[in-house]
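K.L.:
One structure is given below, represented as structure tokens, and several questions about it will come after.
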Amino acid sequence: MPLKKYKAYTPVRRFRQSADFAGLTKKAPEKGLTQRKLRSAGRNAQGRVTTRHRGGGEKRRYRMVDMKRTKDGIPARVSAIEYDPNRSARLALLVYKDGEKRYILAPNELKVGDTVMSGPDAEARVGNCIPIENIPTGTTIHAVELEPGKGAQMVRSAGGAAQLIAKEGEYAQVRLPSGQIRIVHVRCRATVGQVGNLDHENRKIGGAGHIRRMGRRPQVRGVVMSPRDHPHGGGEAKSPVGGQAQTPWGKPAMGLKTRRQHRTDRFVIKPQKKRK
């Protein structure tokens, strides 16, 4: 989906680039597949701010996306390609032969009128959800399960694509977009193809007002604060000179690894690439 550029009648508009939504075929969502979405504005159950710089933003309704694809053997026709404000990927509205409607992540090159299917008997075509044991090696996949029957958990954002590189016994090796190679059980399901909306990473916000409508409030740098408000504040320097960068509460930041050990880490063969 190409990007839309704006006339530079203000400094903000000069560099802004956003999606032109040309590939969408339906504006209003399917009413029966949406539900109310509550907003916490970064507060916990006690009303205290646990995540700063969140709040406001446009109201949204949550689209219930079928991440499990359990209607095996029943063909479904792609009725529409829709926008989802809650994720970077587009949604495809499926109408099954029995009349039921469901949302799925819209793969690249999937068009209105195409037919998709799920289950072990489905063909390895774009949009079909198949157990990994029935997918040929080397195929590009997305919406990959971590545990059989739990639903897709990996490779769900716009432009995401993993590759099935090997199968041996009950496990298969999958190369994720980060470069990480992970072992996945062959009974786990994945959808053939690449997630659509490839130009999402090339968009440029351009202005602060757009960020506010996305629900993100302004952030103030620690170096411009006073020493009583932030460890980086005060003095003449503009960076944490002579010490480790810290959070407002004195905890180490910028480089400190904060990810906890996860029970699925034992399935990682090759770690992801380090960011430069």
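Each chain in the structure tokens gets a letter, A, B, ..., in the order shown, and its residues are numbered from 1; ligands are numbered from 1 in order too.
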Find the residues around Lys5 in chain A up to 8 Å (only C-alpha atoms counted), leave out those fewer than 2 positions away in its own chain, and share them as a PyMOL selection string.
P.N.:
chain A and resi 3+7+15-18
K.L.:
List every residue of range 28-223 of chain A that DSSP, applied to the backbone, labels as helix (DSSP H, G or I), and write the result as number ranges by chain.
P.N.:
A: 31-33, 132-134, 198-202, 208-213, 222-223
K.L.:
If you keep N, CA and C atoms, can you produce a file of those selected residues as a PDB file, in the first residue's frame?
P.N.:
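Saved the output as part-v4.pdb:
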ATOM      1  N   LYS A  31     -20.020  -4.978  12.780  1.00  0.00           N
ATOM      2  CA  LYS A  31     -20.479  -4.647  14.127  1.00  0.00           C
ATOM      3  C   LYS A  31     -20.441  -5.845  15.072  1.00  0.00           C
ATOM      4  N   GLY A  32     -20.752  -7.014  14.567  1.00  0.00           N
ATOM      5  CA  GLY A  32     -20.777  -8.202  15.421  1.00  0.00           C
ATOM      6  C   GLY A  32     -19.395  -8.711  15.798  1.00  0.00           C
ATOM      7  N   LEU A  33     -18.356  -8.183  15.169  1.00  0.00           N
ATOM      8  CA  LEU A  33     -16.993  -8.638  15.456  1.00  0.00           C
ATOM      9  C   LEU A  33     -16.184  -7.579  16.196  1.00  0.00           C
ATOM     10  N   ILE A 132       2.412 -26.814  10.816  1.00  0.00           N
ATOM     11  CA  ILE A 132       3.757 -26.679  10.258  1.00  0.00           C
ATOM     12  C   ILE A 132       4.234 -27.979   9.624  1.00  0.00           C
ATOM     13  N   GLU A 133       3.778 -29.108  10.119  1.00  0.00           N
ATOM     14  CA  GLU A 133       4.221 -30.384   9.554  1.00  0.00           C
ATOM     15  C   GLU A 133       3.753 -30.562   8.117  1.00  0.00           C
ATOM     16  N   ASN A 134       2.728 -29.806   7.691  1.00  0.00           N
ATOM     17  CA  ASN A 134       2.216 -29.912   6.322  1.00  0.00           C
ATOM     18  C   ASN A 134       2.675 -28.773   5.420  1.00  0.00           C
ATOM     19  N   LEU A 198       3.050  -3.361   3.924  1.00  0.00           N
ATOM     20  CA  LEU A 198       4.511  -3.348   4.003  1.00  0.00           C
ATOM     21  C   LEU A 198       5.078  -1.953   4.202  1.00  0.00           C
ATOM     22  N   ASP A 199       4.373  -0.922   3.782  1.00  0.00           N
ATOM     23  CA  ASP A 199       4.890   0.448   3.879  1.00  0.00           C
ATOM     24  C   ASP A 199       4.692   1.070   5.252  1.00  0.00           C
ATOM     25  N   HIS A 200       4.199   0.317   6.190  1.00  0.00           N
ATOM     26  CA  HIS A 200       3.958   0.885   7.520  1.00  0.00           C
ATOM     27  C   HIS A 200       5.247   1.398   8.152  1.00  0.00           C
ATOM     28  N   GLU A 201       6.368   0.717   7.933  1.00  0.00           N
ATOM     29  CA  GLU A 201       7.625   1.135   8.543  1.00  0.00           C
ATOM     30  C   GLU A 201       8.186   2.407   7.911  1.00  0.00           C
ATOM     31  N   ASN A 202       7.696   2.804   6.745  1.00  0.00           N
ATOM     32  CA  ASN A 202       8.210   3.986   6.054  1.00  0.00           C
ATOM     33  C   ASN A 202       7.405   5.247   6.333  1.00  0.00           C
ATOM     34  N   ALA A 208       3.271  16.720  16.294  1.00  0.00           N
ATOM     35  CA  ALA A 208       2.964  16.306  17.662  1.00  0.00           C
ATOM     36  C   ALA A 208       1.487  16.003  17.846  1.00  0.00           C
ATOM     37  N   GLY A 209       0.610  16.695  17.076  1.00  0.00           N
ATOM     38  CA  GLY A 209      -0.814  16.470  17.224  1.00  0.00           C
ATOM     39  C   GLY A 209      -1.219  15.053  16.869  1.00  0.00           C
ATOM     40  N   HIS A 210      -0.562  14.484  15.853  1.00  0.00           N
ATOM     41  CA  HIS A 210      -0.859  13.108  15.463  1.00  0.00           C
ATOM     42  C   HIS A 210      -0.467  12.136  16.572  1.00  0.00           C
ATOM     43  N   ILE A 211       0.670  12.390  17.220  1.00  0.00           N
ATOM     44  CA  ILE A 211       1.103  11.535  18.325  1.00  0.00           C
ATOM     45  C   ILE A 211       0.093  11.589  19.467  1.00  0.00           C
ATOM     46  N   ARG A 212      -0.455  12.801  19.749  1.00  0.00           N
ATOM     47  CA  ARG A 212      -1.443  12.922  20.820  1.00  0.00           C
ATOM     48  C   ARG A 212      -2.699  12.123  20.496  1.00  0.00           C
ATOM     49  N   ARG A 213      -3.105  12.122  19.235  1.00  0.00           N
ATOM     50  CA  ARG A 213      -4.296  11.357  18.847  1.00  0.00           C
ATOM     51  C   ARG A 213      -4.058   9.858  18.928  1.00  0.00           C
ATOM     52  N   GLY A 222      15.262  14.191  30.772  1.00  0.00           N
ATOM     53  CA  GLY A 222      15.764  14.351  32.132  1.00  0.00           C
ATOM     54  C   GLY A 222      16.819  15.428  32.264  1.00  0.00           C
ATOM     55  N   VAL A 223      17.606  15.674  31.196  1.00  0.00           N
ATOM     56  CA  VAL A 223      18.705  16.641  31.291  1.00  0.00           C
ATOM     57  C   VAL A 223      18.211  18.077  31.393  1.00  0.00           C
TER      58      VAL A 223
END
K.L.:
Any idea what's packed within 9 Å of Gly193 in chain A, counting only C-alpha atoms, ignoring anything in its chain fewer than 6 positions away? Could you give it as an mmCIF file with C-alpha atoms, in the first residue's frame?
P.N.:
data_model
loop_
_atom_site.group_PDB
_atom_site.id
_atom_site.type_symbol
_atom_site.label_atom_id
_atom_site.label_comp_id
_atom_site.auth_asym_id
_atom_site.auth_seq_id
_atom_site.Cartn_x
_atom_site.Cartn_y
_atom_site.Cartn_z
ATOM 1 C CA PRO A 107 -1.529 -11.311 4.197
ATOM 2 C CA ASN A 108 0.232 -9.498 1.398
ATOM 3 C CA GLU A 109 -1.273 -10.172 -2.056
ATOM 4 C CA ARG A 125 -1.288 -20.998 -0.539
ATOM 5 C CA VAL A 126 -1.277 -17.413 0.711
ATOM 6 C CA GLY A 127 -3.812 -16.972 3.510
ATOM 7 C CA ASN A 128 -4.257 -20.658 4.344
ATOM 8 C CA THR A 139 7.963 -21.374 2.825
ATOM 9 C CA THR A 140 7.351 -17.831 4.088
ATOM 10 C CA ILE A 141 4.893 -17.864 6.998
ATOM 11 C CA HIS A 142 3.393 -15.574 9.637
ATOM 12 C CA ALA A 161 7.534 -12.717 7.661
ATOM 13 C CA ALA A 162 9.210 -15.811 9.086
#
K.L.:
Please determine, counting only C-alpha atoms, which residue among A:Ala89, A:Ile135, A:Ala76, A:Val144 has the shortest atom-to-atom distance to Ile165 in chain A.
P.N.:
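Looking at the shortest contact to Ile165 in chain A, the residue is A:Ile135.
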K.L.:
Nearest to Ser40 in chain A: which of A:Pro11, A:Gly56, A:Ile269, A:Val95 is it, counting only C-alpha atoms?
P.N.:
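Closest to Ser40 in chain A, using only C-alpha atoms: A:Gly56.
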K.L.:
Smallest atom-to-atom distance to Ser178 in chain A: which of A:Met154, A:Ala190, A:Leu94, A:Leu164, using only C-alpha atoms?
P.N.:
A:Met154
K.L.:
Find the residues near His232 in chain A: any atom within 10 Å, counting only C-alpha atoms, skip ones fewer than 6 places away on the same chain, and give them as a list in words.
P.N.:
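Listed by chain and then number, they are Arg221, Gly222, Val223, Val224, Met225, Ser226, Lys238, Ser239, Pro240, Val241, Gly243, Gln244, Ala245, Gln246, Thr247, Pro248 and Gly250 of chain A.
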K.L.:
Grab the residues selected above and save them as a PDB file, in the first residue's frame with C-alpha atoms.
P.N.:
ATOM      1  CA  ARG A 221      14.089  14.883  28.798  1.00  0.00           C
ATOM      2  CA  GLY A 222      15.764  14.351  32.132  1.00  0.00           C
ATOM      3  CA  VAL A 223      18.705  16.641  31.291  1.00  0.00           C
ATOM      4  CA  VAL A 224      16.425  19.691  31.163  1.00  0.00           C
ATOM      5  CA  MET A 225      14.939  18.977  34.589  1.00  0.00           C
ATOM      6  CA  SER A 226      16.219  20.105  37.954  1.00  0.00           C
ATOM      7  CA  LYS A 238      23.611  17.781  28.424  1.00  0.00           C
ATOM      8  CA  SER A 239      24.177  14.077  29.051  1.00  0.00           C
ATOM      9  CA  PRO A 240      24.784  11.826  32.072  1.00  0.00           C
ATOM     10  CA  VAL A 241      28.527  12.518  32.144  1.00  0.00           C
ATOM     11  CA  GLY A 243      28.013   7.826  35.325  1.00  0.00           C
ATOM     12  CA  GLN A 244      25.439   5.352  34.152  1.00  0.00           C
ATOM     13  CA  ALA A 245      22.246   6.709  32.593  1.00  0.00           C
ATOM     14  CA  GLN A 246      19.392   6.418  35.068  1.00  0.00           C
ATOM     15  CA  THR A 247      15.627   6.521  35.256  1.00  0.00           C
ATOM     16  CA  PRO A 248      13.884   9.197  37.338  1.00  0.00           C
ATOM     17  CA  GLY A 250      17.717   6.061  40.034  1.00  0.00           C
TER      18      GLY A 250
END
K.L.:
I need the residues in range 41-234 of chain A that are strand (DSSP E) according to DSSP; give them as a PyMOL selection string.
P.N.:
chain A and resi 61-63+76-82+91-96+101-105+115-116+129-131+140-142+144-145+152-154+162-168+171-175+181-185+189-192
K.L.:
Set the distance at 12 Å and use only C-alpha atoms: which residues neighbour Ala28 in chain A once local chain neighbours fewer than 5 positions away are removed? I'd like the list as a JSON list (two decimals) with N, CA and C atoms, in the first residue's frame.
P.N.:
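That gives us selection.json:
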[["chain", "number", "residue", "atom", "x", "y", "z"],
["A", 33, "LEU", "N", -18.36, -8.18, 15.17],
["A", 33, "LEU", "CA", -16.99, -8.64, 15.46],
["A", 33, "LEU", "C", -16.18, -7.58, 16.20],
["A", 34, "THR", "N", -16.86, -6.60, 16.80],
["A", 34, "THR", "CA", -16.17, -5.58, 17.58],
["A", 34, "THR", "C", -16.70, -5.59, 19.01],
["A", 61, "ARG", "N", -12.68, 0.91, 18.99],
["A", 61, "ARG", "CA", -13.36, -0.34, 19.31],
["A", 61, "ARG", "C", -12.45, -1.48, 18.90],
["A", 63, "ARG", "N", -11.31, -4.96, 17.45],
["A", 63, "ARG", "CA", -11.74, -5.95, 16.46],
["A", 63, "ARG", "C", -11.31, -7.33, 16.93],
["A", 80, "ALA", "N", -13.77, -8.45, 2.45],
["A", 80, "ALA", "CA", -13.30, -7.07, 2.50],
["A", 80, "ALA", "C", -11.93, -7.02, 3.15],
["A", 81, "ILE", "N", -11.19, -5.96, 2.84],
["A", 81, "ILE", "CA", -9.93, -5.64, 3.51],
["A", 81, "ILE", "C", -10.18, -4.36, 4.30],
["A", 82, "GLU", "N", -9.95, -4.42, 5.62],
["A", 82, "GLU", "CA", -10.32, -3.31, 6.50],
["A", 82, "GLU", "C", -9.14, -2.79, 7.29],
["A", 83, "TYR", "N", -9.31, -1.58, 7.81],
["A", 83, "TYR", "CA", -8.33, -0.93, 8.68],
["A", 83, "TYR", "C", -8.59, -1.33, 10.12],
["A", 84, "ASP", "N", -7.51, -1.51, 10.89],
["A", 84, "ASP", "CA", -7.62, -1.80, 12.32],
["A", 84, "ASP", "C", -6.81, -0.77, 13.08],
["A", 85, "PRO", "N", -7.45, 0.06, 13.90],
["A", 85, "PRO", "CA", -6.70, 1.08, 14.65],
["A", 85, "PRO", "C", -5.86, 0.52, 15.78],
["A", 93, "LEU", "N", -11.80, -9.65, 6.15],
["A", 93, "LEU", "CA", -13.07, -10.18, 6.63],
["A", 93, "LEU", "C", -13.42, -11.42, 5.82]]
K.L.:
Can you pull out the residues contacting Asp98 in chain A? Cut-off 10 Å, using only C-alpha atoms, and skip same-chain residues under 2 positions away; I want them as a ChimeraX atom specification.
P.N.:
/A:74-76,95-96,100-101
K.L.:
Can you write out the residues you just picked, keeping N, CA and C atoms, as a compact mmCIF listing (two decimals), in the first residue's frame?
P.N.:
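File result.txt, as written:
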# COMPACT_ATOMS: atom_id res chain seq x y z
N ILE A 74 -13.51 -25.85 5.93
CA ILE A 74 -14.62 -25.04 5.43
C ILE A 74 -14.04 -23.86 4.67
N PRO A 75 -14.27 -23.76 3.38
CA PRO A 75 -13.70 -22.64 2.61
C PRO A 75 -14.35 -21.32 3.00
N ALA A 76 -13.56 -20.26 2.92
CA ALA A 76 -14.04 -18.93 3.26
C ALA A 76 -13.63 -17.96 2.16
N VAL A 95 -15.92 -14.67 5.01
CA VAL A 95 -17.29 -15.18 5.10
C VAL A 95 -17.22 -16.66 4.74
N TYR A 96 -17.45 -17.52 5.74
CA TYR A 96 -17.37 -18.96 5.52
C TYR A 96 -18.61 -19.47 4.79
N GLU A 100 -20.80 -17.92 8.66
CA GLU A 100 -20.11 -17.25 9.77
C GLU A 100 -19.05 -16.28 9.23
N LYS A 101 -18.86 -15.16 9.95
CA LYS A 101 -17.87 -14.16 9.56
C LYS A 101 -16.78 -14.09 10.63
K.L.:
Which of these residues is nearest to Asp229 in chain A, using only C-alpha atoms: A:Ile205, A:Ala122, A:Arg260, A:Trp249?
P.N.:
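The closest residue to Asp229 in chain A is A:Trp249.
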K.L.:
Compare A:Ala152, A:Val112, A:Ala166, A:Ala158 by their minimum atom-to-atom distance to Arg189 in chain A, counting only C-alpha atoms, and give me the closest one.
P.N.:
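Closest candidate: A:Ala152.
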K.L.:
Using only C-alpha atoms for the distances, tell me which of A:Ser88, A:Arg13, A:Ala19, A:Leu105 is nearest to Ser157 in chain A.
P.N.:
A:Ser88
